[in-house]
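This report refers to the structure that appears directly beneath it.
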Amino acid sequence: MRMRWSVLGMLIFLGIVLLCVGGEAQGINRAGLVVRFGDGTVITRCIEFTEDAITGEDVLKRSGLRVILDYSSGMGGAVCKIEDEGCDYPQVPCFCQCMGGGECIYWAYFHLKNGAWEYSGTGCSNYYVHNGDVEGWAWGPGSPTGGTQPPVIPFEQICPASASSPTPTA
């Protein structure tokens, strides 16, 4: 009988410890998004997430913007259209404005690094975004090594600290 109470007491203690440790709320991470359309219009979004990292594709999908992607290349999703700008895949090829040997117009993908845009060498499905990162997309002429850039807008301007955010203490 005494052994049963000891085991029961230990299980209750472990349950309390697990509640205290496992019950902590995971922090909210945020990433900025800058989208520049062909007419120069710019939309920004602050995307919140609880994961350690999400993909660039997740950032776009969680932005609330209408996005069409093409997964036929086997390299993840190629962005064909954001809102009303781009190609209506699958009715037309995803890079419908890159055909015929002339100027190629497409959605170029960037990451803001040290205050400047860096053209992404990885597709949005395979690039991981972390807290404080800023992702950029721009519709316009480009090549396989670069394209039209969105305006540089710092993370703090896209995702300002809210009044309800706790101030870190030492």
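Just remember, in the structure tokens the first chain shown is A, the second B, etc., residues are 1-based per chain, and ligands are 1-based in the order shown.
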Distance query Tyr128 of chain A at most 6 Å, only C-alpha atoms, self and fewer than 5 positions along chain excluded, as a PyMOL selection string: chain A and resi 53-55
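Residues in contact range of Pro160 of chain A, defined as at most 12 Å between only C-alpha atoms, with sequence neighbours fewer than 3 positions away removed, read Arg30, Ala31, Gly32, Arg45, Cys46, Ile47, Gly132, Ile153, Pro154, Phe155, Glu156, Gln157, Ala163, Ser164 and Ser165 of chain A.
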Written file, previous selection with C-alpha atoms, as a compact mmCIF listing (two decimals), in the first residue's frame:
# COMPACT_ATOMS: atom_id res chain seq x y z
CA ARG A 30 8.04 37.44 -37.11
CA ALA A 31 9.31 37.95 -40.65
CA GLY A 32 8.79 40.86 -42.99
CA ARG A 45 3.21 42.25 -44.48
CA CYS A 46 4.44 41.17 -41.06
CA ILE A 47 4.10 37.39 -40.82
CA GLY A 132 13.68 39.05 -38.00
CA ILE A 153 12.23 48.42 -46.15
CA PRO A 154 13.77 47.41 -42.82
CA PHE A 155 12.21 44.77 -40.59
CA GLU A 156 11.47 47.34 -37.85
CA GLN A 157 9.34 49.35 -40.28
CA ALA A 163 3.07 48.37 -27.18
CA SER A 164 1.98 45.05 -25.69
CA SER A 165 5.34 43.39 -26.35
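Distances from A:Ile43, A:Gln97, A:Ile158, A:Gly64 to Cys80 of chain A were compared using only C-alpha atoms, and the smallest one belongs to A:Gln97.
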Pick from A:Ala116, A:Val79, A:Leu33, A:Ala108 nearest to Val59 of chain A, counting only C-alpha atoms: A:Leu33
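For the residues A:Asp84, A:Gln149, A:Pro141, A:Gly102, ranking by smallest atom-to-atom distance to Tyr119 of chain A using only C-alpha atoms places A:Gln149 first.
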Glu57 of chain A surroundings by only C-alpha atoms, 8 Å radius, close-in-sequence under 5 positions cut, as a list of chain:residue names: A:Gly77, A:Cys124, A:Ser125
Could you write out the selected residues, including all heavy atoms, as an mmCIF file, in the first residue's frame?
data_model
loop_
_atom_site.group_PDB
_atom_site.id
_atom_site.type_symbol
_atom_site.label_atom_id
_atom_site.label_comp_id
_atom_site.auth_asym_id
_atom_site.auth_seq_id
_atom_site.Cartn_x
_atom_site.Cartn_y
_atom_site.Cartn_z
ATOM 1 N N GLY A 77 8.100 25.068 -55.347
ATOM 2 C CA GLY A 77 7.147 25.935 -56.021
ATOM 3 C C GLY A 77 7.795 27.147 -56.675
ATOM 4 O O GLY A 77 8.540 27.875 -56.043
ATOM 5 N N CYS A 124 11.703 29.475 -53.206
ATOM 6 C CA CYS A 124 11.030 29.809 -51.944
ATOM 7 C C CYS A 124 10.605 28.585 -51.144
ATOM 8 O O CYS A 124 10.465 28.671 -49.926
ATOM 9 C CB CYS A 124 9.847 30.737 -52.190
ATOM 10 S SG CYS A 124 8.485 30.008 -53.114
ATOM 11 N N SER A 125 10.423 27.450 -51.790
ATOM 12 C CA SER A 125 10.035 26.234 -51.067
ATOM 13 C C SER A 125 11.204 25.651 -50.277
ATOM 14 O O SER A 125 10.999 24.875 -49.348
ATOM 15 C CB SER A 125 9.545 25.159 -52.038
ATOM 16 O OG SER A 125 8.421 25.594 -52.748
#
All residues 8 Å or closer to Leu112 of chain A, only C-alpha atoms, same chain fewer than 3 positions away omitted, as a PyMOL selection string: chain A and resi 115-118+133-136+152
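Residue nearest Thr145 of chain A, chosen from A:Tyr109, A:Phe95, A:Tyr127, A:Tyr89 and counting only C-alpha atoms: A:Tyr109.
Here atom CA of Gly121 of chain A is placed at a distance of 23.9 Å from atom CA of Phe49 of chain A.
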Sel. of strand (DSSP E or B) residues, segment 32-107 of chain A, as a PyMOL selection string: chain A and resi 32-36+42-49+53-55+67-70+78-82+85-86+104-107
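Counting only C-alpha atoms, the residue from A:Pro144, A:Gly38, A:Gly123, A:Gly101 that sits nearest to Gly74 of chain A is A:Gly123.
Restricting the calculation to only C-alpha atoms, the smallest distance between Ile68 of chain A and any of A:Cys159, A:Gly56, A:Cys94, A:Val34 is found for A:Cys94.
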